>>> print(open('run-v5.pdb').read())   # PDB, C-alpha atoms
ATOM      1  CA  MET L1166       0.000   0.000   0.000
ATOM      2  CA  ALA L1167       2.959   2.238   0.619
ATOM      3  CA  ALA L1168       3.792   2.172  -3.064
ATOM      4  CA  THR L1169       3.245   5.555  -4.595
ATOM      5  CA  PRO L1170       1.443   4.868  -7.838
ATOM      6  CA  LEU L1171       2.979   5.942 -11.100
ATOM      7  CA  ASN L1172      -0.252   7.474 -12.221
ATOM      8  CA  THR L1173       1.343  10.131 -14.396
ATOM      9  CA  ILE L1174       0.491   8.244 -17.592
ATOM     10  CA  ASN L1175      -2.040   5.443 -17.726
ATOM     11  CA  PHE L1176      -1.372   1.964 -18.980
ATOM     12  CA  LEU L1177      -3.022   2.312 -22.373
ATOM     13  CA  SER L1178      -1.386   5.660 -23.117
ATOM     14  CA  LEU L1179       1.976   4.149 -22.326
ATOM     15  CA  ASN L1180       1.319   1.412 -24.858
ATOM     16  CA  VAL L1181       0.271   3.970 -27.444
ATOM     17  CA  LEU L1182       3.449   5.973 -26.800
ATOM     18  CA  LEU L1183       5.523   2.838 -27.229
ATOM     19  CA  GLN L1184       3.812   1.846 -30.476
ATOM     20  CA  GLN L1185       4.247   5.356 -31.891
ATOM     21  CA  THR L1186       7.937   5.479 -31.067
ATOM     22  CA  LEU L1187       8.503   2.008 -32.493
ATOM     23  CA  ALA L1188       6.685   2.930 -35.698
ATOM     24  CA  PHE L1189       8.830   6.037 -36.124
ATOM     25  CA  ALA L1190      12.005   4.108 -35.332
ATOM     26  CA  THR L1191      11.198   1.450 -37.924
ATOM     27  CA  ASP L1192       9.971   3.706 -40.725
ATOM     28  CA  ASN L1193      11.778   7.028 -40.547
ATOM     29  CA  PRO L1194      14.582   7.087 -43.142
ATOM     30  CA  TYR L1195      16.385  10.141 -41.706
ATOM     31  CA  GLN L1196      17.516   8.651 -38.417
ATOM     32  CA  GLN L1197      21.139   9.244 -37.518
ATOM     33  CA  ARG L1198      21.827   5.785 -36.156
ATOM     34  CA  PRO L1199      18.770   3.572 -36.508
ATOM     35  CA  LEU L1200      18.346   0.629 -34.177
ATOM     36  CA  SER L1201      18.223  -2.835 -35.687
ATOM     37  CA  PRO L1202      14.777  -4.494 -36.021
ATOM     38  CA  ALA L1203      15.836  -7.221 -33.585
ATOM     39  CA  ARG L1204      16.762  -4.678 -30.943
ATOM     40  CA  LEU L1205      13.548  -2.730 -31.477
ATOM     41  CA  GLU L1206      11.534  -5.891 -31.071
ATOM     42  CA  ALA L1207      13.321  -6.844 -27.871
ATOM     43  CA  PHE L1208      12.926  -3.313 -26.572
ATOM     44  CA  GLY L1209       9.174  -3.329 -27.302
ATOM     45  CA  ALA L1210       8.691  -6.612 -25.489
ATOM     46  CA  GLN L1211      10.699  -5.478 -22.479
ATOM     47  CA  MET L1212       8.892  -2.165 -22.205
ATOM     48  CA  GLN L1213       5.553  -3.943 -22.307
ATOM     49  CA  GLN L1214       6.664  -6.120 -19.436
ATOM     50  CA  LEU L1215       7.524  -2.994 -17.485
ATOM     51  CA  PHE L1216       4.090  -1.509 -18.234
ATOM     52  CA  ILE L1217       2.342  -4.670 -17.093
ATOM     53  CA  PHE L1218       4.437  -4.876 -13.973
ATOM     54  CA  SER L1219       3.814  -1.246 -13.109
ATOM     55  CA  GLU L1220       0.072  -1.634 -13.575
ATOM     56  CA  ARG L1221      -0.005  -4.741 -11.413
ATOM     57  CA  TRP L1222       2.075  -2.986  -8.800
ATOM     58  CA  GLN L1223      -0.434  -0.173  -8.644
ATOM     59  CA  LEU L1224      -3.489  -2.382  -8.541
ATOM     60  CA  LEU L1225      -2.204  -5.208  -6.338
ATOM     61  CA  PRO L1226       0.736  -3.792  -4.401
ATOM     62  CA  GLU L1227       0.617  -6.598  -1.843
ATOM     63  CA  HIS L1228       0.987  -9.281  -4.461
ATOM     64  CA  ILE L1229       4.306  -8.222  -5.890
ATOM     65  CA  SER L1230       7.116 -10.488  -4.782
ATOM     66  CA  LEU L1231      10.754  -9.570  -4.487
ATOM     67  CA  SER L1232      11.674 -11.959  -7.280
ATOM     68  CA  GLN L1233       9.264 -10.217  -9.639
ATOM     69  CA  ALA L1234      10.764  -6.868  -8.693
ATOM     70  CA  GLU L1235      14.217  -8.293  -9.343
ATOM     71  CA  GLN L1236      13.200  -9.489 -12.781
ATOM     72  CA  VAL L1237      11.848  -6.065 -13.642
ATOM     73  CA  ALA L1238      14.891  -4.262 -12.284
ATOM     74  CA  ALA L1239      17.064  -6.510 -14.432
ATOM     75  CA  LEU L1240      15.293  -5.145 -17.522
ATOM     76  CA  TYR L1241      16.237  -1.597 -16.617
ATOM     77  CA  PRO L1242      19.755  -1.208 -18.089
ATOM     78  CA  ASP L1243      18.793  -2.572 -21.513
ATOM     79  CA  THR L1244      15.615  -0.568 -21.847
ATOM     80  CA  GLN L1245      17.287   2.606 -20.619
ATOM     81  CA  SER L1246      20.060   2.113 -23.138
ATOM     82  CA  ALA L1247      17.568   1.610 -25.974
ATOM     83  CA  LEU L1248      15.565   4.696 -24.960
ATOM     84  CA  ILE L1249      18.692   6.850 -24.946
ATOM     85  CA  ASP L1250      19.813   5.456 -28.303
ATOM     86  CA  LEU L1251      16.379   6.081 -29.785
ATOM     87  CA  LEU L1252      16.417   9.671 -28.562
ATOM     88  CA  TYR L1253      19.857  10.168 -30.022
ATOM     89  CA  SER L1254      18.971   8.658 -33.375
ATOM     90  CA  CYS L1255      15.871  10.818 -33.806
ATOM     91  CA  PRO L1256      16.819  13.597 -36.247
ATOM     92  CA  GLN L1257      16.526  17.246 -35.213
ATOM     93  CA  PRO L1258      13.038  18.633 -35.856
ATOM     94  CA  SER L1259      14.413  22.098 -36.644
ATOM     95  CA  GLU L1260      16.168  20.734 -39.738
ATOM     96  CA  ALA L1261      12.823  19.721 -41.248
ATOM     97  CA  GLU L1262      10.944  22.841 -40.267
ATOM     98  CA  HIS L1263      10.914  24.402 -43.721
ATOM     99  CA  TRP L1264      10.387  21.332 -45.830
ATOM    100  CA  PHE L1265       7.568  21.452 -48.389
ATOM    101  CA  ASP L1266       5.561  18.709 -46.742
ATOM    102  CA  TYR L1267       3.057  20.688 -44.693
ATOM    103  CA  GLN L1268       5.331  20.185 -41.666
ATOM    104  CA  ARG L1269       4.649  16.469 -41.537
ATOM    105  CA  GLU L1270       8.264  15.515 -40.942
ATOM    106  CA  PHE L1271       8.764  18.334 -38.461
ATOM    107  CA  ARG L1272       5.754  17.249 -36.443
ATOM    108  CA  ALA L1273       6.691  13.571 -36.614
ATOM    109  CA  ARG L1274      10.172  14.287 -35.261
ATOM    110  CA  THR L1275       8.872  16.577 -32.539
ATOM    111  CA  GLN L1276       6.355  13.987 -31.512
ATOM    112  CA  GLN L1277       8.984  11.258 -31.436
ATOM    113  CA  ILE L1278      11.183  13.330 -29.129
ATOM    114  CA  ASN L1279       8.237  14.174 -26.871
ATOM    115  CA  ASP L1280       7.057  10.562 -26.727
ATOM    116  CA  LEU L1281      10.511   9.274 -25.940
ATOM    117  CA  SER L1282      11.038  11.929 -23.287
ATOM    118  CA  ARG L1283       7.804  10.955 -21.578
ATOM    119  CA  LEU L1284       8.710   7.273 -21.738
ATOM    120  CA  LEU L1285      12.163   7.980 -20.373
ATOM    121  CA  CYS L1286      10.775  10.006 -17.457
ATOM    122  CA  TRP L1287       8.232   7.327 -16.659
ATOM    123  CA  HIS L1288      10.906   4.671 -16.917
ATOM    124  CA  GLN L1289      13.241   6.488 -14.537
ATOM    125  CA  GLN L1290      10.441   7.109 -12.088
ATOM    126  CA  LEU L1291       9.497   3.423 -12.068
ATOM    127  CA  TYR L1292      13.057   2.367 -11.381
ATOM    128  CA  GLN L1293      13.534   4.905  -8.609
ATOM    129  CA  GLN L1294      10.337   3.831  -6.912
ATOM    130  CA  LEU L1295      11.291   0.205  -7.319
ATOM    131  CA  LEU L1296      14.643   0.839  -5.662
ATOM    132  CA  SER L1297      13.186   2.809  -2.787
ATOM    133  CA  HIS L1298      10.432   0.268  -2.234
ATOM    134  CA  PHE L1299      12.682  -2.783  -2.429
ATOM    135  CA  PRO L1300      16.004  -1.650  -0.943
ATOM    136  CA  GLN L1301      17.268  -5.220  -1.074
ATOM    137  CA  LEU L1302      17.246  -5.258  -4.889
ATOM    138  CA  PRO L1303      20.591  -6.083  -6.459
ATOM    139  CA  LEU L1304      22.010  -3.015  -8.189
ATOM    140  CA  PRO L1305      22.870  -3.634 -11.800
ATOM    141  CA  ASP L1306      26.422  -2.537 -12.407
ATOM    142  CA  THR L1307      26.467  -4.312 -15.726
ATOM    143  CA  THR L1308      26.622  -1.564 -18.261
ATOM    144  CA  PRO L1309      24.734  -2.142 -21.471
ATOM    145  CA  THR L1310      27.911  -1.875 -23.521
ATOM    146  CA  SER L1311      27.238  -4.866 -25.693
ATOM    147  CA  ASN L1312      23.802  -3.585 -26.555
ATOM    148  CA  SER L1313      24.766  -0.017 -27.302
ATOM    149  CA  ASP L1314      27.623  -1.152 -29.490
ATOM    150  CA  ALA L1315      25.290  -3.528 -31.211
ATOM    151  CA  ALA L1316      23.258  -0.580 -32.431
ATOM    152  CA  THR L1317      25.978   0.305 -34.890
ATOM    153  CA  ALA L1318      27.565  -3.023 -35.628
ATOM    154  CA  SER L1319      26.113  -6.343 -36.598
ATOM    155  CA  ILE L1320      26.615  -7.840 -33.140
ATOM    156  CA  THR L1321      22.888  -7.366 -32.594
ATOM    157  CA  GLU L1322      22.123 -11.003 -33.123
ATOM    158  CA  ALA L1323      24.593 -12.087 -30.475
ATOM    159  CA  ALA L1324      23.428  -9.376 -28.078
ATOM    160  CA  SER L1325      19.705  -9.856 -28.492
ATOM    161  CA  GLU L1326      19.841 -13.608 -28.119
ATOM    162  CA  PRO L1327      20.541 -13.671 -24.389
ATOM    163  CA  SER L1328      17.887 -11.044 -23.723
ATOM    164  CA  ALA L1329      15.381 -13.051 -25.731
ATOM    165  CA  THR L1330      16.136 -16.135 -23.687
ATOM    166  CA  ASN L1331      15.892 -14.098 -20.510
ATOM    167  CA  LEU L1332      12.412 -12.984 -21.448
ATOM    168  CA  ALA L1333      11.042 -16.485 -21.556
ATOM    169  CA  PRO L1334      11.091 -17.187 -17.807
ATOM    170  CA  VAL L1335      10.089 -13.623 -16.950
ATOM    171  CA  LEU L1336       6.948 -13.445 -19.024
ATOM    172  CA  PRO L1337       4.909 -16.220 -17.425
ATOM    173  CA  ALA L1338       5.982 -15.083 -13.981
ATOM    174  CA  LEU L1339       4.681 -11.605 -14.670
ATOM    175  CA  LEU L1340       1.504 -12.556 -16.411
ATOM    176  CA  LEU L1341       0.338 -15.111 -13.878
TER     177      LEU L1341
ATOM    178  CA  MET M1146      22.533  13.438  -7.737
ATOM    179  CA  GLN M1147      20.771  14.490 -10.865
ATOM    180  CA  ILE M1148      21.326  14.455 -14.587
ATOM    181  CA  ASP M1149      18.928  15.401 -17.364
ATOM    182  CA  PRO M1150      19.389  12.706 -20.022
ATOM    183  CA  ILE M1151      17.113  14.439 -22.527
ATOM    184  CA  LEU M1152      19.103  17.666 -22.318
ATOM    185  CA  VAL M1153      22.425  15.843 -22.536
ATOM    186  CA  ILE M1154      21.328  13.914 -25.630
ATOM    187  CA  SER M1155      20.231  17.052 -27.405
ATOM    188  CA  LEU M1156      23.532  18.723 -26.460
ATOM    189  CA  ILE M1157      25.495  15.793 -27.870
ATOM    190  CA  LYS M1158      23.538  16.183 -31.089
ATOM    191  CA  GLN M1159      24.108  19.939 -31.180
ATOM    192  CA  CYS M1160      27.826  19.427 -30.662
ATOM    193  CA  ASN M1161      27.854  17.480 -33.912
ATOM    194  CA  ALA M1162      29.922  14.733 -32.378
ATOM    195  CA  ASP M1163      31.459  12.166 -34.694
ATOM    196  CA  ALA M1164      30.369   8.555 -34.312
ATOM    197  CA  GLN M1165      33.143   7.630 -31.930
ATOM    198  CA  SER M1166      32.784  10.471 -29.459
ATOM    199  CA  ALA M1167      29.004  10.214 -29.645
ATOM    200  CA  GLU M1168      29.256   6.551 -28.744
ATOM    201  CA  LEU M1169      31.541   7.382 -25.846
ATOM    202  CA  LEU M1170      29.335  10.175 -24.539
ATOM    203  CA  LEU M1171      26.152   8.126 -24.861
ATOM    204  CA  HIS M1172      27.777   5.224 -23.078
ATOM    205  CA  TRP M1173      28.822   7.577 -20.312
ATOM    206  CA  LEU M1174      25.321   9.027 -20.124
ATOM    207  CA  LYS M1175      23.746   5.592 -19.723
ATOM    208  CA  GLN M1176      26.008   4.803 -16.791
ATOM    209  CA  ALA M1177      25.620   8.225 -15.239
ATOM    210  CA  ASN M1178      21.856   8.091 -15.534
ATOM    211  CA  LEU M1179      21.773   4.627 -14.013
ATOM    212  CA  LEU M1180      23.816   5.879 -11.082
ATOM    213  CA  CYS M1181      21.569   8.905 -10.636
ATOM    214  CA  CYS M1182      18.528   6.627 -10.441
ATOM    215  CA  GLN M1183      20.289   4.405  -7.926
ATOM    216  CA  SER M1184      21.277   7.373  -5.816
ATOM    217  CA  HIS M1185      17.581   7.997  -5.138
ATOM    218  CA  GLY M1186      17.411   4.643  -3.406
ATOM    219  CA  ASP M1187      19.458   3.416  -0.489
ATOM    220  CA  ALA M1188      22.722   2.527  -2.166
ATOM    221  CA  VAL M1189      24.675   2.866  -5.357
ATOM    222  CA  SER M1190      26.688   0.137  -6.968
ATOM    223  CA  ALA M1191      30.375   0.602  -6.181
ATOM    224  CA  PRO M1192      31.691  -0.872  -9.472
ATOM    225  CA  LEU M1193      29.597   1.651 -11.360
ATOM    226  CA  VAL M1194      31.049   4.539  -9.338
ATOM    227  CA  ARG M1195      34.544   3.236 -10.006
ATOM    228  CA  ARG M1196      33.911   2.883 -13.718
ATOM    229  CA  LEU M1197      32.524   6.397 -13.928
ATOM    230  CA  THR M1198      35.502   7.897 -12.099
ATOM    231  CA  ALA M1199      37.791   6.032 -14.479
ATOM    232  CA  GLU M1200      35.869   7.371 -17.462
ATOM    233  CA  LEU M1201      36.326  11.050 -16.626
ATOM    234  CA  GLY M1202      39.573  11.238 -18.579
ATOM    235  CA  PRO M1203      38.244   9.857 -21.885
ATOM    236  CA  ILE M1204      35.116  11.985 -21.537
ATOM    237  CA  LEU M1205      37.126  15.184 -21.096
ATOM    238  CA  GLN M1206      39.284  14.182 -24.053
ATOM    239  CA  ALA M1207      36.187  13.703 -26.207
ATOM    240  CA  LEU M1208      34.888  17.115 -25.109
ATOM    241  CA  ALA M1209      38.204  18.739 -25.927
ATOM    242  CA  ASP M1210      38.059  17.243 -29.418
ATOM    243  CA  LEU M1211      34.500  18.463 -29.896
ATOM    244  CA  SER M1212      35.015  22.054 -28.866
ATOM    245  CA  GLY M1213      37.174  22.943 -31.877
ATOM    246  CA  ASP M1214      34.339  24.395 -33.932
ATOM    247  CA  PRO M1215      33.221  27.828 -32.678
ATOM    248  CA  ALA M1216      29.654  27.208 -33.904
ATOM    249  CA  GLN M1217      29.262  24.406 -31.394
ATOM    250  CA  GLN M1218      31.048  26.021 -28.504
ATOM    251  CA  ALA M1219      27.909  27.034 -26.652
ATOM    252  CA  ALA M1220      26.538  23.497 -26.717
ATOM    253  CA  CYS M1221      29.918  22.059 -25.743
ATOM    254  CA  GLN M1222      30.166  24.497 -22.861
ATOM    255  CA  GLN M1223      26.746  23.426 -21.620
ATOM    256  CA  LEU M1224      27.608  19.761 -21.999
ATOM    257  CA  PHE M1225      30.823  20.346 -20.115
ATOM    258  CA  SER M1226      29.028  22.030 -17.228
ATOM    259  CA  GLN M1227      26.547  19.129 -17.044
ATOM    260  CA  ILE M1228      29.419  16.686 -16.785
ATOM    261  CA  VAL M1229      31.250  18.804 -14.210
ATOM    262  CA  LEU M1230      28.075  19.036 -12.141
ATOM    263  CA  PHE M1231      27.669  15.290 -12.220
ATOM    264  CA  TYR M1232      31.241  14.630 -11.115
ATOM    265  CA  ARG M1233      31.029  17.165  -8.282
ATOM    266  CA  ASP M1234      28.062  15.211  -6.943
ATOM    267  CA  LEU M1235      29.785  11.914  -7.560
ATOM    268  CA  ASN M1236      32.768  13.087  -5.580
ATOM    269  CA  ARG M1237      30.570  14.006  -2.643
ATOM    270  CA  TYR M1238      28.802  10.675  -2.887
ATOM    271  CA  ASP M1239      32.090   8.898  -3.045
ATOM    272  CA  GLY M1240      33.058  10.093   0.413
ATOM    273  CA  ASP M1241      29.931   8.572   1.961
ATOM    274  CA  SER M1242      29.910   5.132   0.388
ATOM    275  CA  GLY M1243      33.010   3.523  -1.027
ATOM    276  CA  PRO M1244      36.000   5.757  -0.610
ATOM    277  CA  ARG M1245      38.528   2.988  -0.158
ATOM    278  CA  GLN M1246      37.622   1.178  -3.356
ATOM    279  CA  THR M1247      37.659   4.243  -5.542
ATOM    280  CA  THR M1248      40.857   5.749  -4.214
ATOM    281  CA  ALA M1249      42.549   2.375  -4.521
ATOM    282  CA  ALA M1250      41.418   2.093  -8.118
ATOM    283  CA  LYS M1251      42.666   5.607  -8.856
ATOM    284  CA  SER M1252      46.097   5.093  -7.381
ATOM    285  CA  VAL M1253      46.514   1.791  -9.184
ATOM    286  CA  SER M1254      45.527   3.243 -12.526
ATOM    287  CA  CYS M1255      47.420   6.538 -12.331
ATOM    288  CA  LEU M1256      50.595   6.019 -10.375
ATOM    289  CA  PRO M1257      52.265   3.177 -12.288
ATOM    290  CA  ALA M1258      51.707   4.969 -15.569
ATOM    291  CA  LEU M1259      53.261   8.171 -14.204
ATOM    292  CA  ASP M1260      56.161   6.308 -12.646
ATOM    293  CA  SER M1261      57.030   4.356 -15.737
ATOM    294  CA  GLY M1262      56.671   7.474 -17.871
ATOM    295  CA  THR M1263      58.981   9.616 -15.774
ATOM    296  CA  ASN M1264      61.395   6.802 -15.188
ATOM    297  CA  GLY M1265      61.538   6.081 -18.869
ATOM    298  CA  THR M1266      62.291   9.657 -19.862
ATOM    299  CA  THR M1267      64.711  10.394 -17.075
ATOM    300  CA  ALA M1268      66.493   7.134 -17.758
ATOM    301  CA  THR M1269      66.904   7.633 -21.494
ATOM    302  CA  VAL M1270      67.520  11.380 -21.739
ATOM    303  CA  PRO M1271      70.613  11.587 -19.517
ATOM    304  CA  VAL M1272      72.152   8.585 -21.257
ATOM    305  CA  ASP M1273      71.641  10.179 -24.677
ATOM    306  CA  SER M1274      73.008  13.522 -23.611
ATOM    307  CA  ALA M1275      75.934  11.854 -21.933
ATOM    308  CA  GLN M1276      76.711   9.996 -25.127
ATOM    309  CA  SER M1277      76.471  13.153 -27.220
ATOM    310  CA  TYR M1278      78.702  15.049 -24.839
ATOM    311  CA  ASN M1279      81.162  12.228 -25.006
ATOM    312  CA  ARG M1280      81.084  12.332 -28.750
ATOM    313  CA  TYR M1281      81.639  16.093 -28.825
ATOM    314  CA  ASP M1282      84.474  15.747 -26.355
TER     315      ASP M1282
END
>>> encode(input="run-v5.pdb", output="structure tokens")
Amino acid sequence: MAATPLNTINFLSLNVLLQQTLAFATDNPYQQRPLSPARLEAFGAQMQQLFIFSERWQLLPEHISLSQAEQVAALYPDTQSALIDLLYSCPQPSEAEHWFDYQREFRARTQQINDLSRLLCWHQQLYQQLLSHFPQLPLPDTTPTSNSDAATASITEAASEPSATNLAPVLPALLL
Amino acid sequence: MQIDPILVISLIKQCNADAQSAELLLHWLKQANLLCCQSHGDAVSAPLVRRLTAELGPILQALADLSGDPAQQAACQQLFSQIVLFYRDLNRYDGDSGPRQTTAAKSVSCLPALDSGTNGTTATVPVDSAQSYNRYD
């Protein structure tokens, strides 16, 4: 009950934000350093797990076990890394401000930056609340180096494989 | 401890960093942001603090390389002050939680390099000069 709910954005809006950012990241041809489809897919799945966990935490705070919190905290470094990379790869809106496209590109870029900023804030808030609520959580000191490097190189397959296998045991535990 | 990742990302973009320095700065930002989040809880991870203290040198080097173009100097200046702010806080934090580990890491990483460097130069230079003097004599 002591959990302060993350009621800044509701569950469905979070999902909409995620879908919008993923659509931009897959389709926009002007991105500075686009993320690979495999990484985007893994990121989408992980973020959805975080949304579901957060919603369950708000609705049934007494039914969240430490192991579930640990699983969610373990998703933090990868998702944070992907969010930061997505923000970086989004091209500057100001560069498209005077294009002859009725400001479509300008608005799409602005929206992408706003969506990602909101997701990043929400994401940080969730992690901070998780840490203050479960002080016994192990602190991830593993930096997401392999993943961030994978954004540029073709190591994505190697990097996304372990995260994909990690998802398998987490999903049923969260959904049950 | 606080860092604004959205601001820092936009500053990195404004600085027009090349791929390598951008990668370095983004990698730093991910770690710094992780540490900031942890600092809101009860503890921070000591290896992360150590890695961030070790990374200050490369980060400053990357900033120095970036600031060449006058058009980007304002953004670089702002980025620099963000980084300085973060390390001031980190330093303060350091004193509370793992001072022994970090100072040990620092002394190990810095001192041998300095020693070998100075020893190397002082050892070779006098020998050379001595030889040249001998030759001239």
>>> residues_around(input="run-v5.pdb", residues="L:Leu1304", least_positions_apart="5", cutoff="12 Å", atoms="only C-alpha atoms", output="JSON list (two decimals) with C-alpha atoms, keeping the file's coordinate frame")
[["chain", "number", "residue", "atom", "x", "y", "z"],
["L", 1234, "ALA", "CA", 10.76, -6.87, -8.69],
["L", 1235, "GLU", "CA", 14.22, -8.29, -9.34],
["L", 1236, "GLN", "CA", 13.20, -9.49, -12.78],
["L", 1237, "VAL", "CA", 11.85, -6.06, -13.64],
["L", 1238, "ALA", "CA", 14.89, -4.26, -12.28],
["L", 1239, "ALA", "CA", 17.06, -6.51, -14.43],
["L", 1240, "LEU", "CA", 15.29, -5.14, -17.52],
["L", 1241, "TYR", "CA", 16.24, -1.60, -16.62],
["L", 1242, "PRO", "CA", 19.76, -1.21, -18.09],
["L", 1292, "TYR", "CA", 13.06, 2.37, -11.38],
["L", 1293, "GLN", "CA", 13.53, 4.90, -8.61],
["L", 1295, "LEU", "CA", 11.29, 0.20, -7.32],
["L", 1296, "LEU", "CA", 14.64, 0.84, -5.66],
["L", 1297, "SER", "CA", 13.19, 2.81, -2.79],
["L", 1299, "PHE", "CA", 12.68, -2.78, -2.43],
["M", 1179, "LEU", "CA", 21.77, 4.63, -14.01],
["M", 1180, "LEU", "CA", 23.82, 5.88, -11.08],
["M", 1182, "CYS", "CA", 18.53, 6.63, -10.44],
["M", 1183, "GLN", "CA", 20.29, 4.40, -7.93],
["M", 1184, "SER", "CA", 21.28, 7.37, -5.82],
["M", 1186, "GLY", "CA", 17.41, 4.64, -3.41],
["M", 1187, "ASP", "CA", 19.46, 3.42, -0.49],
["M", 1188, "ALA", "CA", 22.72, 2.53, -2.17],
["M", 1189, "VAL", "CA", 24.68, 2.87, -5.36],
["M", 1190, "SER", "CA", 26.69, 0.14, -6.97],
["M", 1191, "ALA", "CA", 30.38, 0.60, -6.18],
["M", 1192, "PRO", "CA", 31.69, -0.87, -9.47],
["M", 1193, "LEU", "CA", 29.60, 1.65, -11.36],
["M", 1194, "VAL", "CA", 31.05, 4.54, -9.34]]
>>> interface_residues(input="run-v5.pdb", of="chain L", to="chain M", cutoff="9 Å", atoms="only C-alpha atoms", output="count of residues only")
35
>>> resolve_selection(input="run-v5.pdb", expression="the PyMOL selection byres ((chain L and resi 1272) around 12)", output="VMD selection string")
chain L and resid 1189 1256 to 1264 1266 to 1271 1273 to 1280
>>> atom_distance(input="run-v5.pdb", atom1="atom CA of M:Val1229", atom2="atom CA of L:Leu1248")
23.7 Å
>>> atom_distance(input="run-v5.pdb", atom1="atom CA of L:Asn1180", atom2="atom CA of L:Cys1286")
14.8 Å
>>> atom_distance(input="run-v5.pdb", atom1="atom CA of M:Cys1221", atom2="atom CA of M:Cys1160")
6.0 Å
>>> resolve_selection(input="run-v5.pdb", expression="the PyMOL selection byres ((chain L and resi 1194-1196) around 9)", output="ChimeraX atom specification")
/L:1190-1193,1197-1199,1253-1256
>>> closest_residue(input="run-v5.pdb", among="M:Ala1162, M:Leu1211, M:Leu1201, M:Ala1219", to="M:Tyr1232", atoms="only C-alpha atoms")
M:Leu1201
>>> build_atoms(input="run-v5.pdb", residues="stretch 1179-1191 of chain M", atoms="N, CA, C and O atoms", output="PDB file, in the coordinates of the input")
ATOM      1  N   LEU M1179      22.037   5.786 -14.867  1.00  0.00           N
ATOM      2  CA  LEU M1179      21.773   4.627 -14.013  1.00  0.00           C
ATOM      3  C   LEU M1179      22.174   4.931 -12.576  1.00  0.00           C
ATOM      4  O   LEU M1179      21.434   4.656 -11.622  1.00  0.00           O
ATOM      5  N   LEU M1180      23.330   5.557 -12.424  1.00  0.00           N
ATOM      6  CA  LEU M1180      23.816   5.879 -11.082  1.00  0.00           C
ATOM      7  C   LEU M1180      22.914   6.914 -10.417  1.00  0.00           C
ATOM      8  O   LEU M1180      22.626   6.832  -9.219  1.00  0.00           O
ATOM      9  N   CYS M1181      22.452   7.879 -11.198  1.00  0.00           N
ATOM     10  CA  CYS M1181      21.569   8.905 -10.636  1.00  0.00           C
ATOM     11  C   CYS M1181      20.292   8.257 -10.112  1.00  0.00           C
ATOM     12  O   CYS M1181      19.811   8.609  -9.028  1.00  0.00           O
ATOM     13  N   CYS M1182      19.742   7.316 -10.887  1.00  0.00           N
ATOM     14  CA  CYS M1182      18.528   6.627 -10.441  1.00  0.00           C
ATOM     15  C   CYS M1182      18.821   5.858  -9.159  1.00  0.00           C
ATOM     16  O   CYS M1182      18.025   5.885  -8.218  1.00  0.00           O
ATOM     17  N   GLN M1183      19.950   5.189  -9.122  1.00  0.00           N
ATOM     18  CA  GLN M1183      20.289   4.405  -7.926  1.00  0.00           C
ATOM     19  C   GLN M1183      20.480   5.298  -6.720  1.00  0.00           C
ATOM     20  O   GLN M1183      20.160   4.912  -5.599  1.00  0.00           O
ATOM     21  N   SER M1184      20.980   6.503  -6.946  1.00  0.00           N
ATOM     22  CA  SER M1184      21.277   7.373  -5.816  1.00  0.00           C
ATOM     23  C   SER M1184      19.998   7.846  -5.130  1.00  0.00           C
ATOM     24  O   SER M1184      20.039   8.351  -4.014  1.00  0.00           O
ATOM     25  N   HIS M1185      18.851   7.669  -5.795  1.00  0.00           N
ATOM     26  CA  HIS M1185      17.581   7.997  -5.138  1.00  0.00           C
ATOM     27  C   HIS M1185      17.162   6.910  -4.165  1.00  0.00           C
ATOM     28  O   HIS M1185      16.305   7.135  -3.322  1.00  0.00           O
ATOM     29  N   GLY M1186      17.725   5.720  -4.329  1.00  0.00           N
ATOM     30  CA  GLY M1186      17.411   4.643  -3.406  1.00  0.00           C
ATOM     31  C   GLY M1186      18.360   4.664  -2.221  1.00  0.00           C
ATOM     32  O   GLY M1186      18.845   5.721  -1.816  1.00  0.00           O
ATOM     33  N   ASP M1187      18.643   3.488  -1.696  1.00  0.00           N
ATOM     34  CA  ASP M1187      19.458   3.416  -0.489  1.00  0.00           C
ATOM     35  C   ASP M1187      20.946   3.344  -0.781  1.00  0.00           C
ATOM     36  O   ASP M1187      21.763   3.764   0.025  1.00  0.00           O
ATOM     37  N   ALA M1188      21.300   2.760  -1.917  1.00  0.00           N
ATOM     38  CA  ALA M1188      22.722   2.527  -2.166  1.00  0.00           C
ATOM     39  C   ALA M1188      23.014   2.666  -3.649  1.00  0.00           C
ATOM     40  O   ALA M1188      22.119   2.597  -4.475  1.00  0.00           O
ATOM     41  N   VAL M1189      24.252   2.873  -3.957  1.00  0.00           N
ATOM     42  CA  VAL M1189      24.675   2.866  -5.357  1.00  0.00           C
ATOM     43  C   VAL M1189      25.669   1.732  -5.538  1.00  0.00           C
ATOM     44  O   VAL M1189      26.315   1.311  -4.581  1.00  0.00           O
ATOM     45  N   SER M1190      25.777   1.256  -6.759  1.00  0.00           N
ATOM     46  CA  SER M1190      26.688   0.137  -6.968  1.00  0.00           C
ATOM     47  C   SER M1190      28.111   0.665  -7.092  1.00  0.00           C
ATOM     48  O   SER M1190      28.407   1.558  -7.883  1.00  0.00           O
ATOM     49  N   ALA M1191      28.995   0.105  -6.256  1.00  0.00           N
ATOM     50  CA  ALA M1191      30.375   0.602  -6.181  1.00  0.00           C
ATOM     51  C   ALA M1191      31.143   0.409  -7.491  1.00  0.00           C
ATOM     52  O   ALA M1191      31.892   1.301  -7.888  1.00  0.00           O
TER      53      ALA M1191
END
